[in-house]
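Encoded as structure tokens, the structure appears first; notes follow it.
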Amino acid sequence: MDTSAHNLKNLFAQLGLDNSNAGMEAFFSQHSLPSDMLLAEAPFWNEGQKHFIEESLREDAEWSEVIDELDARLR
């Protein structure tokens with residue numbers, strides 16, 4: 001059972017990304033999504049990351065709110 005706080009910093013860690021403040025800001029400055037692309041379809045995810053995002057959203061898992069926040073930050 002996942003007992004970590006569900007926030008952007010921990011989502012980055014869950015996705016295997018640099019979750020330092022500088023790392024997260026660098027990610028947002030280097031990546032963006034067009035309005036017609038689903039978050040999970042972004043070309044910068046690996047298969048594991050894509051699967052985690054798709055499954056979390058499909059199951060309306062505890063991470064889904066934070067994934068929505070990530071999505072909004074990439075627009």
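Chain labels follow the order of the structure tokens: the first chain is A, the next B, and so on; residue numbering restarts at 1 in every chain, and ligands are counted from 1 in their shown order.
The environment of stretch 68-74 of chain A within 9 Å, counting only C-alpha atoms and disregarding residues fewer than 5 places along the same chain, consists of Leu8, Leu11, Phe28, Ser29, His31, Ser32, Leu33, Pro34, Leu38, Leu39, Leu57 and Trp63 of chain A.
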Write the residues you've just listed into a file as a compact mmCIF listing (two decimals), in the first residue's frame, and include N, CA and C atoms for each of them.
```txt
# COMPACT_ATOMS: atom_id res chain seq x y z
N LEU A 8 3.19 16.73 -6.06
CA LEU A 8 3.98 16.77 -7.29
C LEU A 8 5.41 16.26 -7.08
N LEU A 11 5.22 12.56 -6.94
CA LEU A 11 4.87 12.01 -8.25
C LEU A 11 6.11 11.95 -9.13
N PHE A 28 9.67 21.18 -16.45
CA PHE A 28 8.58 22.01 -16.97
C PHE A 28 9.07 23.00 -18.03
N SER A 29 10.29 23.45 -17.93
CA SER A 29 10.79 24.38 -18.94
C SER A 29 11.17 23.66 -20.24
N HIS A 31 9.59 20.70 -21.33
CA HIS A 31 8.49 19.89 -21.87
C HIS A 31 7.18 20.67 -21.85
N SER A 32 6.41 20.47 -22.89
CA SER A 32 5.05 21.01 -22.94
C SER A 32 4.22 20.11 -23.83
N LEU A 33 2.90 20.25 -23.68
CA LEU A 33 1.99 19.42 -24.46
C LEU A 33 1.00 20.29 -25.22
N PRO A 34 0.69 19.91 -26.45
CA PRO A 34 -0.39 20.60 -27.16
C PRO A 34 -1.73 20.26 -26.50
N LEU A 38 -3.21 13.75 -25.11
CA LEU A 38 -3.37 13.21 -23.76
C LEU A 38 -2.01 13.16 -23.07
N LEU A 39 -2.00 13.37 -21.77
CA LEU A 39 -0.75 13.37 -21.02
C LEU A 39 0.04 12.08 -21.24
N LEU A 57 -5.00 7.09 -13.89
CA LEU A 57 -6.16 7.87 -14.34
C LEU A 57 -7.37 6.97 -14.59
N TRP A 63 -3.27 8.93 -7.02
CA TRP A 63 -2.35 9.80 -7.75
C TRP A 63 -3.07 10.65 -8.80
```
Legend entry - Those of chain A in DSSP helix (DSSP H, G or I), formatted as JSON, numbers by chain: {"A": [8, 9, 10, 11, 12, 13, 14, 21, 22, 23, 24, 25, 26, 27, 28, 29, 30, 39, 40, 41, 47, 48, 49, 50, 51, 52, 53, 54, 55, 56, 57, 58, 64, 65, 66, 67, 68, 69, 70, 71, 72, 73]}
Legend entry - Close residues, A:Phe27 itself excluded, 9 Å, only C-alpha atoms, min 4 positions apart in chain, as an NGL selection string: :A and (17-18 or 22-23 or 31)
Based on the selection just made, write all heavy atoms of those residues as a PDB file, in the first residue's frame.
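Output (result-v9.pdb):
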```pdb
ATOM      1  N   LEU A  17      11.752  10.550 -11.956  1.00  0.00           N
ATOM      2  CA  LEU A  17      12.288  11.828 -12.421  1.00  0.00           C
ATOM      3  C   LEU A  17      12.968  12.555 -11.271  1.00  0.00           C
ATOM      4  O   LEU A  17      12.687  12.284 -10.105  1.00  0.00           O
ATOM      5  CB  LEU A  17      11.149  12.698 -12.971  1.00  0.00           C
ATOM      6  CG  LEU A  17      10.347  12.109 -14.129  1.00  0.00           C
ATOM      7  CD1 LEU A  17       9.131  12.985 -14.432  1.00  0.00           C
ATOM      8  CD2 LEU A  17      11.225  11.974 -15.365  1.00  0.00           C
ATOM      9  N   ASP A  18      13.836  13.504 -11.614  1.00  0.00           N
ATOM     10  CA  ASP A  18      14.493  14.341 -10.613  1.00  0.00           C
ATOM     11  C   ASP A  18      13.412  15.165  -9.913  1.00  0.00           C
ATOM     12  O   ASP A  18      12.758  15.994 -10.539  1.00  0.00           O
ATOM     13  CB  ASP A  18      15.512  15.242 -11.307  1.00  0.00           C
ATOM     14  CG  ASP A  18      16.254  16.169 -10.356  1.00  0.00           C
ATOM     15  OD1 ASP A  18      15.928  16.201  -9.148  1.00  0.00           O
ATOM     16  OD2 ASP A  18      17.153  16.881 -10.833  1.00  0.00           O
ATOM     17  N   ALA A  22      14.823  22.280  -8.525  1.00  0.00           N
ATOM     18  CA  ALA A  22      15.487  22.641  -9.779  1.00  0.00           C
ATOM     19  C   ALA A  22      15.173  21.619 -10.873  1.00  0.00           C
ATOM     20  O   ALA A  22      14.950  21.989 -12.034  1.00  0.00           O
ATOM     21  CB  ALA A  22      16.994  22.746  -9.567  1.00  0.00           C
ATOM     22  N   GLY A  23      15.146  20.344 -10.514  1.00  0.00           N
ATOM     23  CA  GLY A  23      14.846  19.296 -11.489  1.00  0.00           C
ATOM     24  C   GLY A  23      13.432  19.405 -12.021  1.00  0.00           C
ATOM     25  O   GLY A  23      13.201  19.237 -13.227  1.00  0.00           O
ATOM     26  N   HIS A  31       9.588  20.696 -21.330  1.00  0.00           N
ATOM     27  CA  HIS A  31       8.491  19.889 -21.865  1.00  0.00           C
ATOM     28  C   HIS A  31       7.179  20.666 -21.848  1.00  0.00           C
ATOM     29  O   HIS A  31       6.904  21.387 -20.894  1.00  0.00           O
ATOM     30  CB  HIS A  31       8.306  18.605 -21.055  1.00  0.00           C
ATOM     31  CG  HIS A  31       9.503  17.727 -21.052  1.00  0.00           C
ATOM     32  ND1 HIS A  31      10.470  17.783 -20.082  1.00  0.00           N
ATOM     33  CD2 HIS A  31       9.901  16.761 -21.914  1.00  0.00           C
ATOM     34  CE1 HIS A  31      11.407  16.899 -20.334  1.00  0.00           C
ATOM     35  NE2 HIS A  31      11.092  16.265 -21.451  1.00  0.00           N
TER      36      HIS A  31
END
```
Legend entry - Neighbour list for A:Asn10 as an MDAnalysis selection string, cut-off 12 Å, only C-alpha atoms, skip fewer than 2 positions in-chain: chainID A and resid 2:8 12:21 24 63 66:67 70
Taking C-alpha atoms for each residue, export the selection above as a PDB file, in the first residue's frame.
```
ATOM      1  CA  ASP A   2       1.300   3.420  -0.987  1.00  0.00           C
ATOM      2  CA  THR A   3       1.390   5.690   2.066  1.00  0.00           C
ATOM      3  CA  SER A   4       3.460   8.537   0.620  1.00  0.00           C
ATOM      4  CA  ALA A   5       2.018  12.027   0.379  1.00  0.00           C
ATOM      5  CA  HIS A   6       0.449  12.471  -3.022  1.00  0.00           C
ATOM      6  CA  ASN A   7       2.040  15.675  -4.239  1.00  0.00           C
ATOM      7  CA  LEU A   8       3.984  16.771  -7.294  1.00  0.00           C
ATOM      8  CA  PHE A  12       8.158  12.976  -9.894  1.00  0.00           C
ATOM      9  CA  ALA A  13       9.926  10.455  -7.657  1.00  0.00           C
ATOM     10  CA  GLN A  14       7.300   7.805  -8.489  1.00  0.00           C
ATOM     11  CA  LEU A  15       7.941   8.424 -12.184  1.00  0.00           C
ATOM     12  CA  GLY A  16      11.713   8.150 -11.684  1.00  0.00           C
ATOM     13  CA  LEU A  17      12.288  11.828 -12.421  1.00  0.00           C
ATOM     14  CA  ASP A  18      14.493  14.341 -10.613  1.00  0.00           C
ATOM     15  CA  ASN A  19      12.157  15.638  -7.914  1.00  0.00           C
ATOM     16  CA  SER A  20      14.368  18.424  -6.626  1.00  0.00           C
ATOM     17  CA  ASN A  21      12.898  21.892  -7.092  1.00  0.00           C
ATOM     18  CA  MET A  24      11.096  19.837 -11.586  1.00  0.00           C
ATOM     19  CA  TRP A  63      -2.350   9.804  -7.748  1.00  0.00           C
ATOM     20  CA  VAL A  66      -1.620  15.089  -8.821  1.00  0.00           C
ATOM     21  CA  ILE A  67      -1.388  13.688 -12.351  1.00  0.00           C
ATOM     22  CA  LEU A  70       1.119  17.701 -13.774  1.00  0.00           C
TER      23      LEU A  70
END
```
